[in-house]
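Structure file data-v9.cif with mmCIF, C-alpha atoms and all ligand atoms:
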```cif
data_coords
#
loop_
_atom_site.group_PDB
_atom_site.id
_atom_site.type_symbol
_atom_site.label_atom_id
_atom_site.label_comp_id
_atom_site.auth_asym_id
_atom_site.auth_seq_id
_atom_site.Cartn_x
_atom_site.Cartn_y
_atom_site.Cartn_z
ATOM 1 C CA MET A 7 114.460 -166.821 20.143
ATOM 2 C CA HIS A 8 111.017 -168.004 21.250
ATOM 3 C CA LEU A 9 109.299 -170.633 19.111
ATOM 4 C CA LEU A 10 105.552 -171.294 18.994
ATOM 5 C CA ILE A 11 104.535 -174.694 17.600
ATOM 6 C CA PRO A 12 100.875 -174.899 16.467
ATOM 7 C CA SER A 13 99.942 -178.521 17.205
ATOM 8 C CA ALA A 14 96.236 -178.329 18.014
ATOM 9 C CA GLY A 15 94.754 -179.704 14.784
ATOM 10 C CA SER A 16 92.772 -182.888 14.395
ATOM 11 C CA GLY A 17 94.506 -184.236 11.271
ATOM 12 C CA LYS A 18 91.340 -184.795 9.263
ATOM 13 C CA ARG A 19 93.158 -185.243 5.942
ATOM 14 C CA MET A 20 95.448 -187.819 7.545
ATOM 15 C CA GLY A 21 92.340 -189.880 8.208
ATOM 16 C CA SER A 22 93.523 -190.717 11.719
ATOM 17 C CA HIS A 23 91.195 -190.870 14.735
ATOM 18 C CA ARG A 24 93.582 -188.732 16.824
ATOM 19 C CA ASN A 25 95.893 -185.750 16.437
ATOM 20 C CA LYS A 26 98.204 -186.742 13.560
ATOM 21 C CA LEU A 27 101.205 -185.345 15.464
ATOM 22 C CA LEU A 28 101.009 -188.376 17.754
ATOM 23 C CA LEU A 29 101.407 -190.803 14.822
ATOM 24 C CA MET A 30 104.779 -192.531 14.595
ATOM 25 C CA VAL A 31 107.448 -192.080 11.898
ATOM 26 C CA GLN A 32 110.838 -193.759 12.257
ATOM 27 C CA SER A 33 110.063 -194.837 15.845
ATOM 28 C CA HIS A 34 109.127 -191.359 17.123
ATOM 29 C CA PRO A 35 105.818 -189.445 17.140
ATOM 30 C CA ILE A 36 105.778 -186.691 14.472
ATOM 31 C CA ILE A 37 105.847 -183.936 17.117
ATOM 32 C CA ALA A 38 108.981 -185.462 18.666
ATOM 33 C CA TRP A 39 110.927 -184.933 15.420
ATOM 34 C CA THR A 40 109.801 -181.298 15.335
ATOM 35 C CA LEU A 41 110.910 -180.794 18.953
ATOM 36 C CA LEU A 42 114.279 -182.504 18.353
ATOM 37 C CA ALA A 43 115.025 -180.152 15.443
ATOM 38 C CA ALA A 44 114.150 -177.099 17.573
ATOM 39 C CA GLU A 45 116.210 -178.477 20.469
ATOM 40 C CA ALA A 46 119.209 -178.847 18.140
ATOM 41 C CA ALA A 47 118.869 -175.281 16.777
ATOM 42 C CA GLU A 48 121.096 -173.247 19.086
ATOM 43 C CA LYS A 49 119.235 -169.985 18.410
ATOM 44 C CA ILE A 50 115.965 -171.375 19.806
ATOM 45 C CA GLU A 51 115.749 -170.828 23.574
ATOM 46 C CA TRP A 52 112.097 -171.575 24.438
ATOM 47 C CA MET A 53 109.279 -173.613 22.907
ATOM 48 C CA GLY A 54 105.532 -173.281 23.333
ATOM 49 C CA ILE A 55 103.454 -176.196 22.048
ATOM 50 C CA ILE A 56 99.941 -175.002 21.236
ATOM 51 C CA SER A 57 97.666 -178.009 21.633
ATOM 52 C CA GLN A 58 94.335 -179.333 22.876
ATOM 53 C CA PRO A 59 94.229 -180.264 26.586
ATOM 54 C CA ASN A 60 93.038 -183.798 25.784
ATOM 55 C CA ASP A 61 96.453 -184.366 24.120
ATOM 56 C CA TRP A 62 98.477 -182.850 26.962
ATOM 57 C CA GLN A 63 99.176 -186.119 28.764
ATOM 58 C CA ASP A 64 100.619 -187.616 25.566
ATOM 59 C CA PHE A 65 102.654 -184.491 24.837
ATOM 60 C CA LYS A 66 104.025 -184.412 28.403
ATOM 61 C CA THR A 67 105.177 -188.033 28.110
ATOM 62 C CA ILE A 68 106.857 -187.304 24.752
ATOM 63 C CA ILE A 69 108.618 -184.210 26.129
ATOM 64 C CA ALA A 70 109.854 -186.126 29.191
ATOM 65 C CA ASN A 71 111.174 -189.008 27.050
ATOM 66 C CA LEU A 72 113.131 -186.623 24.798
ATOM 67 C CA LYS A 73 114.961 -185.122 27.816
ATOM 68 C CA LEU A 74 114.904 -181.648 26.230
ATOM 69 C CA THR A 75 117.217 -179.065 27.812
ATOM 70 C CA LYS A 76 115.151 -176.041 26.700
ATOM 71 C CA PRO A 77 111.998 -174.888 28.499
ATOM 72 C CA VAL A 78 108.803 -176.203 26.897
ATOM 73 C CA GLU A 79 105.314 -174.955 27.718
ATOM 74 C CA LEU A 80 101.898 -176.280 26.749
ATOM 75 C CA ILE A 81 99.432 -173.634 25.582
ATOM 76 C CA GLN A 82 95.734 -174.239 24.923
ATOM 77 C CA GLY A 83 94.854 -174.447 21.219
ATOM 78 C CA GLY A 84 91.900 -172.888 19.385
ATOM 79 C CA THR A 85 89.401 -174.156 16.832
ATOM 80 C CA THR A 86 91.425 -172.796 13.874
ATOM 81 C CA ARG A 87 95.174 -172.503 13.359
ATOM 82 C CA GLN A 88 94.754 -168.722 13.417
ATOM 83 C CA GLU A 89 93.066 -168.906 16.825
ATOM 84 C CA SER A 90 95.737 -171.296 18.076
ATOM 85 C CA VAL A 91 98.522 -168.893 17.109
ATOM 86 C CA HIS A 92 96.627 -166.012 18.697
ATOM 87 C CA ASN A 93 96.502 -167.966 21.983
ATOM 88 C CA GLY A 94 100.211 -168.674 21.622
ATOM 89 C CA LEU A 95 101.055 -164.994 21.168
ATOM 90 C CA LEU A 96 99.142 -164.100 24.330
ATOM 91 C CA ALA A 97 101.021 -166.810 26.266
ATOM 92 C CA LEU A 98 104.499 -165.617 25.249
ATOM 93 C CA PRO A 99 106.732 -164.316 28.049
ATOM 94 C CA SER A 100 106.993 -160.508 27.937
ATOM 95 C CA SER A 101 110.722 -160.808 27.178
ATOM 96 C CA ALA A 102 109.892 -162.167 23.691
ATOM 97 C CA LYS A 103 110.263 -159.287 21.208
ATOM 98 C CA GLN A 104 110.352 -161.521 18.128
ATOM 99 C CA VAL A 105 108.850 -164.938 17.627
ATOM 100 C CA LEU A 106 109.138 -167.845 15.223
ATOM 101 C CA ILE A 107 106.025 -169.890 14.484
ATOM 102 C CA HIS A 108 106.495 -173.407 13.135
ATOM 103 C CA ASP A 109 103.829 -176.021 12.400
ATOM 104 C CA GLY A 110 104.177 -179.148 14.514
ATOM 105 C CA ALA A 111 103.336 -181.052 11.328
ATOM 106 C CA ARG A 112 106.520 -179.839 9.556
ATOM 107 C CA CYS A 113 108.723 -182.289 11.370
ATOM 108 C CA LEU A 114 111.440 -182.420 8.694
ATOM 109 C CA ALA A 115 112.627 -178.797 9.022
ATOM 110 C CA THR A 116 116.324 -178.755 9.911
ATOM 111 C CA PRO A 117 118.009 -176.924 12.828
ATOM 112 C CA ASP A 118 119.834 -174.853 10.204
ATOM 113 C CA LEU A 119 116.515 -173.515 8.880
ATOM 114 C CA PHE A 120 115.430 -172.519 12.423
ATOM 115 C CA ASN A 121 118.772 -170.791 12.981
ATOM 116 C CA ARG A 122 118.645 -168.900 9.677
ATOM 117 C CA CYS A 123 115.098 -167.678 10.372
ATOM 118 C CA ALA A 124 115.986 -166.699 13.955
ATOM 119 C CA GLU A 125 118.925 -164.637 12.674
ATOM 120 C CA ALA A 126 116.958 -163.005 9.831
ATOM 121 C CA ILE A 127 113.984 -161.920 11.971
ATOM 122 C CA ARG A 128 116.298 -159.666 13.965
ATOM 123 C CA HIS A 129 116.595 -157.483 10.850
ATOM 124 C CA CYS A 130 113.016 -157.321 9.443
ATOM 125 C CA PRO A 131 109.431 -157.144 10.791
ATOM 126 C CA GLY A 132 108.210 -160.393 9.203
ATOM 127 C CA LEU A 133 109.521 -163.367 7.257
ATOM 128 C CA ILE A 134 108.555 -166.781 6.006
ATOM 129 C CA ALA A 135 110.491 -169.777 4.771
ATOM 130 C CA ALA A 136 109.438 -170.566 1.204
ATOM 131 C CA VAL A 137 110.623 -172.409 -1.892
ATOM 132 C CA PRO A 138 110.081 -171.572 -5.591
ATOM 133 C CA VAL A 139 107.223 -173.633 -7.039
ATOM 134 C CA LYS A 140 108.253 -176.296 -9.542
ATOM 135 C CA ASP A 141 104.887 -176.842 -11.226
ATOM 136 C CA THR A 142 103.132 -174.328 -13.439
ATOM 137 C CA ILE A 143 100.220 -173.020 -11.339
ATOM 138 C CA LYS A 144 96.773 -172.357 -12.852
ATOM 139 C CA VAL A 145 94.065 -170.114 -11.467
ATOM 140 C CA VAL A 146 90.841 -172.060 -12.054
ATOM 141 C CA ALA A 147 87.191 -170.969 -11.734
ATOM 142 C CA THR A 148 84.612 -173.159 -9.978
ATOM 143 C CA ASN A 149 83.370 -174.323 -13.410
ATOM 144 C CA GLY A 150 86.773 -175.963 -13.997
ATOM 145 C CA ILE A 151 87.916 -173.457 -16.616
ATOM 146 C CA ILE A 152 91.379 -171.916 -16.299
ATOM 147 C CA GLN A 153 91.297 -168.170 -15.733
ATOM 148 C CA SER A 154 94.990 -167.387 -15.881
ATOM 149 C CA THR A 155 98.545 -168.689 -15.574
ATOM 150 C CA PRO A 156 100.627 -166.567 -13.195
ATOM 151 C CA ASN A 157 104.297 -166.113 -14.061
ATOM 152 C CA ARG A 158 106.121 -168.902 -12.202
ATOM 153 C CA GLU A 159 109.105 -166.670 -11.425
ATOM 154 C CA GLN A 160 106.914 -164.846 -8.930
ATOM 155 C CA LEU A 161 105.419 -167.918 -7.245
ATOM 156 C CA TRP A 162 106.765 -169.353 -4.001
ATOM 157 C CA ALA A 163 105.312 -172.114 -1.842
ATOM 158 C CA ALA A 164 104.964 -170.890 1.759
ATOM 159 C CA GLN A 165 106.371 -173.008 4.579
ATOM 160 C CA THR A 166 107.129 -172.422 8.219
ATOM 161 C CA PRO A 167 109.017 -171.194 10.234
ATOM 162 C CA GLN A 168 107.400 -167.796 9.890
ATOM 163 C CA GLY A 169 108.887 -165.041 12.032
ATOM 164 C CA PHE A 170 107.502 -161.732 13.271
ATOM 165 C CA ASP A 171 107.909 -158.806 15.556
ATOM 166 C CA VAL A 172 105.640 -159.873 18.435
ATOM 167 C CA ASN A 173 103.868 -156.555 18.943
ATOM 168 C CA LEU A 174 103.162 -156.086 15.234
ATOM 169 C CA LEU A 175 101.824 -159.636 14.864
ATOM 170 C CA LYS A 176 99.610 -159.179 17.932
ATOM 171 C CA GLN A 177 98.181 -156.024 16.330
ATOM 172 C CA CYS A 178 97.575 -157.897 13.045
ATOM 173 C CA HIS A 179 95.789 -160.725 14.874
ATOM 174 C CA ALA A 180 93.596 -158.231 16.730
ATOM 175 C CA GLU A 181 92.759 -156.525 13.420
ATOM 176 C CA GLY A 182 91.990 -159.939 11.910
ATOM 177 C CA VAL A 183 89.480 -160.619 14.714
ATOM 178 C CA ARG A 184 87.863 -157.166 14.226
ATOM 179 C CA GLN A 185 87.587 -157.606 10.448
ATOM 180 C CA GLY A 186 86.654 -161.294 10.509
ATOM 181 C CA TRP A 187 89.612 -162.262 8.300
ATOM 182 C CA GLU A 188 90.208 -165.994 7.944
ATOM 183 C CA VAL A 189 93.697 -166.894 6.792
ATOM 184 C CA THR A 190 95.794 -170.061 6.679
ATOM 185 C CA ASP A 191 99.082 -168.494 7.751
ATOM 186 C CA ASP A 192 100.346 -165.569 9.773
ATOM 187 C CA ALA A 193 102.101 -163.908 6.873
ATOM 188 C CA ALA A 194 98.682 -163.394 5.233
ATOM 189 C CA LEU A 195 97.506 -161.385 8.276
ATOM 190 C CA PHE A 196 100.694 -159.342 8.184
ATOM 191 C CA GLU A 197 100.288 -158.661 4.444
ATOM 192 C CA LYS A 198 96.638 -157.641 4.879
ATOM 193 C CA CYS A 199 97.796 -155.055 7.409
ATOM 194 C CA GLY A 200 100.205 -153.635 4.801
ATOM 195 C CA MET A 201 103.307 -154.949 6.552
ATOM 196 C CA GLU A 202 106.384 -156.241 4.752
ATOM 197 C CA VAL A 203 107.098 -159.976 4.831
ATOM 198 C CA ARG A 204 110.429 -161.231 3.528
ATOM 199 C CA ILE A 205 111.228 -164.659 2.051
ATOM 200 C CA VAL A 206 113.909 -166.867 3.593
ATOM 201 C CA GLN A 207 115.036 -169.805 1.437
ATOM 202 C CA GLY A 208 113.152 -172.825 2.756
ATOM 203 C CA GLU A 209 113.865 -176.513 2.234
ATOM 204 C CA GLU A 210 112.431 -178.903 -0.384
ATOM 205 C CA THR A 211 112.195 -181.589 2.307
ATOM 206 C CA ASN A 212 110.308 -179.318 4.747
ATOM 207 C CA LEU A 213 106.947 -180.963 4.025
ATOM 208 C CA LYS A 214 103.803 -180.437 6.056
ATOM 209 C CA LEU A 215 102.739 -183.986 6.868
ATOM 210 C CA THR A 216 99.139 -183.851 5.733
ATOM 211 C CA THR A 217 98.092 -187.156 4.109
ATOM 212 C CA PRO A 218 99.110 -190.813 4.661
ATOM 213 C CA GLN A 219 101.463 -190.585 1.642
ATOM 214 C CA ASP A 220 103.378 -187.841 3.446
ATOM 215 C CA LEU A 221 104.056 -190.282 6.308
ATOM 216 C CA ALA A 222 105.767 -192.661 3.904
ATOM 217 C CA ILE A 223 107.837 -189.830 2.385
ATOM 218 C CA ALA A 224 108.853 -188.565 5.861
ATOM 219 C CA GLU A 225 109.817 -192.099 6.880
ATOM 220 C CA PHE A 226 112.088 -192.316 3.822
ATOM 221 C CA ILE A 227 113.719 -188.902 4.412
ATOM 222 C CA LEU A 228 114.353 -189.558 8.114
ATOM 223 C CA LYS A 229 115.766 -193.013 7.403
ATOM 224 C CA THR A 230 118.100 -191.563 4.754
ATOM 225 C CA ARG A 231 119.284 -188.875 7.197
ATOM 226 C CA GLN A 232 119.987 -191.486 9.871
ATOM 227 C CA GLN A 233 122.006 -193.586 7.433
ATOM 228 C CA GLU A 234 124.016 -190.542 6.332
ATOM 229 C CA SER A 235 124.870 -189.375 9.843
HETATM 230 N N1 LIG A 301 96.689 -176.428 14.014
HETATM 231 C C1 LIG A 301 96.477 -175.802 15.239
HETATM 232 N N2 LIG A 301 95.197 -175.489 15.642
HETATM 233 C C2 LIG A 301 94.144 -175.778 14.864
HETATM 234 C C3 LIG A 301 94.346 -176.389 13.595
HETATM 235 C C4 LIG A 301 95.645 -176.693 13.189
HETATM 236 O O1 LIG A 301 97.425 -175.546 15.976
HETATM 237 N N3 LIG A 301 92.923 -175.507 15.312
HETATM 238 C C5 LIG A 301 98.061 -176.819 13.633
HETATM 239 C C6 LIG A 301 98.205 -178.304 13.280
HETATM 240 O O2 LIG A 301 98.357 -179.081 14.463
HETATM 241 C C7 LIG A 301 99.406 -178.325 12.368
HETATM 242 C C8 LIG A 301 99.397 -176.935 11.743
HETATM 243 O O3 LIG A 301 98.460 -176.139 12.471
HETATM 244 O O4 LIG A 301 100.637 -178.523 13.052
HETATM 245 C C9 LIG A 301 99.039 -176.991 10.276
HETATM 246 O O5 LIG A 301 97.705 -177.483 10.128
HETATM 247 P P1 LIG A 301 97.271 -178.756 9.287
HETATM 248 O O6 LIG A 301 98.442 -179.369 8.611
HETATM 249 O O7 LIG A 301 96.083 -178.353 8.513
HETATM 250 O O8 LIG A 301 96.871 -179.808 10.457
HETATM 251 P P2 LIG A 301 95.419 -180.272 10.881
HETATM 252 O O9 LIG A 301 94.518 -179.093 10.947
HETATM 253 O O10 LIG A 301 95.593 -181.119 12.088
HETATM 254 O O11 LIG A 301 95.030 -181.228 9.655
HETATM 255 P P3 LIG A 301 93.639 -181.187 8.791
HETATM 256 O O12 LIG A 301 93.543 -179.794 8.234
HETATM 257 O O13 LIG A 301 93.848 -182.248 7.762
HETATM 258 O O14 LIG A 301 92.545 -181.519 9.771
HETATM 259 MG MG MG A 302 94.072 -177.904 9.164
#
```
Turn this file's structure into structure tokens for me.
Amino acid sequence: MHLLIPSAGSGKRMGSHRNKLLLMVQSHPIIAWTLLAAEAAEKIEWMGIISQPNDWQDFKTIIANLKLTKPVELIQGGTTRQESVHNGLLALPSSAKQVLIHDGARCLATPDLFNRCAEAIRHCPGLIAAVPVKDTIKVVATNGIIQSTPNREQLWAAQTPQGFDVNLLKQCHAEGVRQGWEVTDDAALFEKCGMEVRIVQGEETNLKLTTPQDLAIAEFILKTRQQES
């Protein structure tokens, strides 16, 4: 299975002056943990890191230090995540019929989650890892007044990996460009095109490292895993 890793953000909410994926947790840059998990997932055979060229030297050094056995390619990122993924799709080898897409910033996803998604995408056109939400979610108007309370049984928090049939996702991205759709994940494009997206059970620990607090939580989880292994 081919894996695209969007890693071309600037990490504004992390408050760092550089790509947050280069920040260290437990003695490795964030992106290194993501790559190690993909390397350890036997169903992943190829990785494409979508990133900005001014980070490429750092990424190349990280890749070389990890001594990965799987092929890794660097693909030029875009100004939005959506654009980055679009670039990634166009850079996939023609042999890739299905693809998994996983945020570089979700460095705590386990190899088991990659393997389960890689297996499941062989049997459906689209999927995402997700977990049931624990909080009650409110729909709130801009004036701060609650509009409604959706039934929690139907609410899931979307994660990555997200997996798709490559040709269908390419068509959805092209339609998104034509229609000017702006979405935060690929499943949303797929849904807008009327395509079915299935849920795969995600992981509570599969956080997207977004703010400085998330760094501390990731540090704790990785340390605990190291002590347990
Ligand atoms: N991403 C990307 N290309 C972009 C923007 C984001 O590939 N133009 C990637 C990020 O590198 C990250 C993932 O998409 O791995 C999820 O995005 P997010 O967590 O929002 O990261 P940033 O955009 O870097 O952070 P922020 O929104 O706080 O600036
Ligand atoms: Mg962002």
Using all atoms listed in the file, find each residue of chain A with at least one atom at most 9 Å away from an atom of ligand MG 302 (chain A); report its shortest atom-to-atom pair and that distance in Å (one decimal), sort the rows by chain and rising residue number, and return the result as a Markdown table.
```
| residue | atom | partner | partner_atom | distance |
| --- | --- | --- | --- | --- |
| A:Gly15 | CA | A:MG302 | MG | 5.9 |
| A:Ser16 | CA | A:MG302 | MG | 7.3 |
| A:Gly17 | CA | A:MG302 | MG | 6.7 |
| A:Lys18 | CA | A:MG302 | MG | 7.4 |
| A:Arg19 | CA | A:MG302 | MG | 8.1 |
| A:Thr86 | CA | A:MG302 | MG | 7.4 |
| A:Arg87 | CA | A:MG302 | MG | 6.9 |
| A:Thr190 | CA | A:MG302 | MG | 8.4 |
| A:Thr216 | CA | A:MG302 | MG | 8.5 |
```
Please, what is the axis-aligned box for every listed atom of ligand LIG 301 (chain A) with 5 Å on each side, as centre and edge lengths in Å to one decimal, as lines of an AutoDock Vina configuration file?
```
center_x = 96.6
center_y = -178.9
center_z = 11.9
size_x = 18.1
size_y = 16.8
size_z = 18.2
```
Exercise answer, 8 Å around ligand LIG 301 (chain A) with all atoms listed in the file, as a PyMOL selection string:
chain A and resi 11-21+25-27+56-57+83-91+108-112+214-217
Could you name the residues that touch Val105 in chain A at 8 Å or less, counting all atoms listed in the file, but leaving out those on the same chain fewer than 3 positions away, as a ChimeraX atom specification?
/A:7-10,102,169-172
Which polymer residues have any atom within 9 Å of an atom of range 43-54 of chain A, counting all atoms listed in the file, with same-chain residues fewer than 2 positions away left out, as a short mmCIF file (atom, residue, chain, number, x, y, z; two decimals) with C-alpha atoms, in the frame of the given file?
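Resulting contents of result38.cif:
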```cif
data_model
loop_
_atom_site.label_atom_id
_atom_site.label_comp_id
_atom_site.auth_asym_id
_atom_site.auth_seq_id
_atom_site.Cartn_x
_atom_site.Cartn_y
_atom_site.Cartn_z
CA MET A 7 114.46 -166.82 20.14
CA HIS A 8 111.02 -168.00 21.25
CA LEU A 9 109.30 -170.63 19.11
CA LEU A 10 105.55 -171.29 18.99
CA ILE A 11 104.54 -174.69 17.60
CA PRO A 12 100.88 -174.90 16.47
CA ALA A 38 108.98 -185.46 18.67
CA TRP A 39 110.93 -184.93 15.42
CA THR A 40 109.80 -181.30 15.34
CA LEU A 41 110.91 -180.79 18.95
CA ILE A 56 99.94 -175.00 21.24
CA LEU A 74 114.90 -181.65 26.23
CA THR A 75 117.22 -179.06 27.81
CA LYS A 76 115.15 -176.04 26.70
CA PRO A 77 112.00 -174.89 28.50
CA VAL A 78 108.80 -176.20 26.90
CA GLU A 79 105.31 -174.96 27.72
CA LEU A 80 101.90 -176.28 26.75
CA ILE A 81 99.43 -173.63 25.58
CA GLY A 94 100.21 -168.67 21.62
CA ALA A 97 101.02 -166.81 26.27
CA LEU A 98 104.50 -165.62 25.25
CA LEU A 106 109.14 -167.84 15.22
CA CYS A 113 108.72 -182.29 11.37
CA LEU A 114 111.44 -182.42 8.69
CA ALA A 115 112.63 -178.80 9.02
CA THR A 116 116.32 -178.76 9.91
CA PRO A 117 118.01 -176.92 12.83
CA ASP A 118 119.83 -174.85 10.20
CA LEU A 119 116.52 -173.52 8.88
CA PHE A 120 115.43 -172.52 12.42
CA ASN A 121 118.77 -170.79 12.98
CA ARG A 122 118.64 -168.90 9.68
CA ALA A 124 115.99 -166.70 13.96
CA GLU A 125 118.92 -164.64 12.67
#
```
Can you give me, as a list of chain:residue names, the residues this file yields under the PyMOL selection byres (((chain A and resi 131) around 10) and not hetatm)?
A:Gln104, A:Ala126, A:Ile127, A:Arg128, A:His129, A:Cys130, A:Gly132, A:Leu133, A:Gly169, A:Phe170, A:Asp171, A:Val172, A:Asn173, A:Leu174, A:Leu175, A:Phe196, A:Met201, A:Glu202, A:Val203, A:Arg204
Selection export as an mmCIF file, in the frame of the given file, atoms kept: C-alpha atoms:
```cif
data_model
loop_
_atom_site.group_PDB
_atom_site.id
_atom_site.type_symbol
_atom_site.label_atom_id
_atom_site.label_comp_id
_atom_site.auth_asym_id
_atom_site.auth_seq_id
_atom_site.Cartn_x
_atom_site.Cartn_y
_atom_site.Cartn_z
ATOM 1 C CA GLN A 104 110.352 -161.521 18.128
ATOM 2 C CA ALA A 126 116.958 -163.005 9.831
ATOM 3 C CA ILE A 127 113.984 -161.920 11.971
ATOM 4 C CA ARG A 128 116.298 -159.666 13.965
ATOM 5 C CA HIS A 129 116.595 -157.483 10.850
ATOM 6 C CA CYS A 130 113.016 -157.321 9.443
ATOM 7 C CA GLY A 132 108.210 -160.393 9.203
ATOM 8 C CA LEU A 133 109.521 -163.367 7.257
ATOM 9 C CA GLY A 169 108.887 -165.041 12.032
ATOM 10 C CA PHE A 170 107.502 -161.732 13.271
ATOM 11 C CA ASP A 171 107.909 -158.806 15.556
ATOM 12 C CA VAL A 172 105.640 -159.873 18.435
ATOM 13 C CA ASN A 173 103.868 -156.555 18.943
ATOM 14 C CA LEU A 174 103.162 -156.086 15.234
ATOM 15 C CA LEU A 175 101.824 -159.636 14.864
ATOM 16 C CA PHE A 196 100.694 -159.342 8.184
ATOM 17 C CA MET A 201 103.307 -154.949 6.552
ATOM 18 C CA GLU A 202 106.384 -156.241 4.752
ATOM 19 C CA VAL A 203 107.098 -159.976 4.831
ATOM 20 C CA ARG A 204 110.429 -161.231 3.528
#
```
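With only C-alpha atoms taken into account, the protein and nucleic acid residues at most 10 Å from Glu210 in chain A (excluding it and anything under 3 positions from it in its own chain) are Leu114, Ala115, Ala136, Val137, Pro138, Val139, Ala163, Gln165, Gln207 and Leu213 of chain A.
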What gap, in Å, lies between CA of Glu209 in chain A and CA of Gln32 in chain A?
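We find that CA of Glu209 in chain A and CA of Gln32 in chain A lie 20.2 Å from each other.
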Nearest to Cys178 in chain A by atom-to-atom distance, counting all atoms listed in the file, from A:His34, A:His23, A:His92, A:Lys103
A:His92
Residue nearest Cys123 in chain A - candidates A:Gly150, A:Gly186, A:Gly208, A:Pro99, atoms counted: only C-alpha atoms
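When distances to Cys123 in chain A are compared using only C-alpha atoms, the smallest one comes from A:Gly208.
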Quote the spacing between CA of Ile143 in chain A and CA of Ala164 in chain A in Å to one decimal place.
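Separation of CA of Ile143 in chain A and CA of Ala164 in chain A: 14.1 Å.
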What does the structure give for the distance between CA of Pro167 in chain A and CA of Asn212 in chain A, in Å to one decimal?
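Going from CA of Pro167 in chain A over to CA of Asn212 in chain A, I get 9.9 Å.
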Shell around Gln185 in chain A at 12 Å using all atoms listed in the file, local window under 5 positions removed, as a PyMOL selection string
chain A and resi 178-180+195+198-199
Point out the residue among A:Ile69, A:Val146, A:Ile55, A:Leu161 with the least atom-to-atom distance to Ile205 in chain A, counting only C-alpha atoms.
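Closest candidate: A:Leu161.
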Which residue, A:Ile107, A:Ile151, A:Ala193, A:Ala222, has the smallest gap to Thr166 in chain A when you use all atoms listed in the file?
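Of A:Ile107, A:Ile151, A:Ala193, A:Ala222, the one nearest Thr166 in chain A is A:Ile107, counting all atoms listed in the file.
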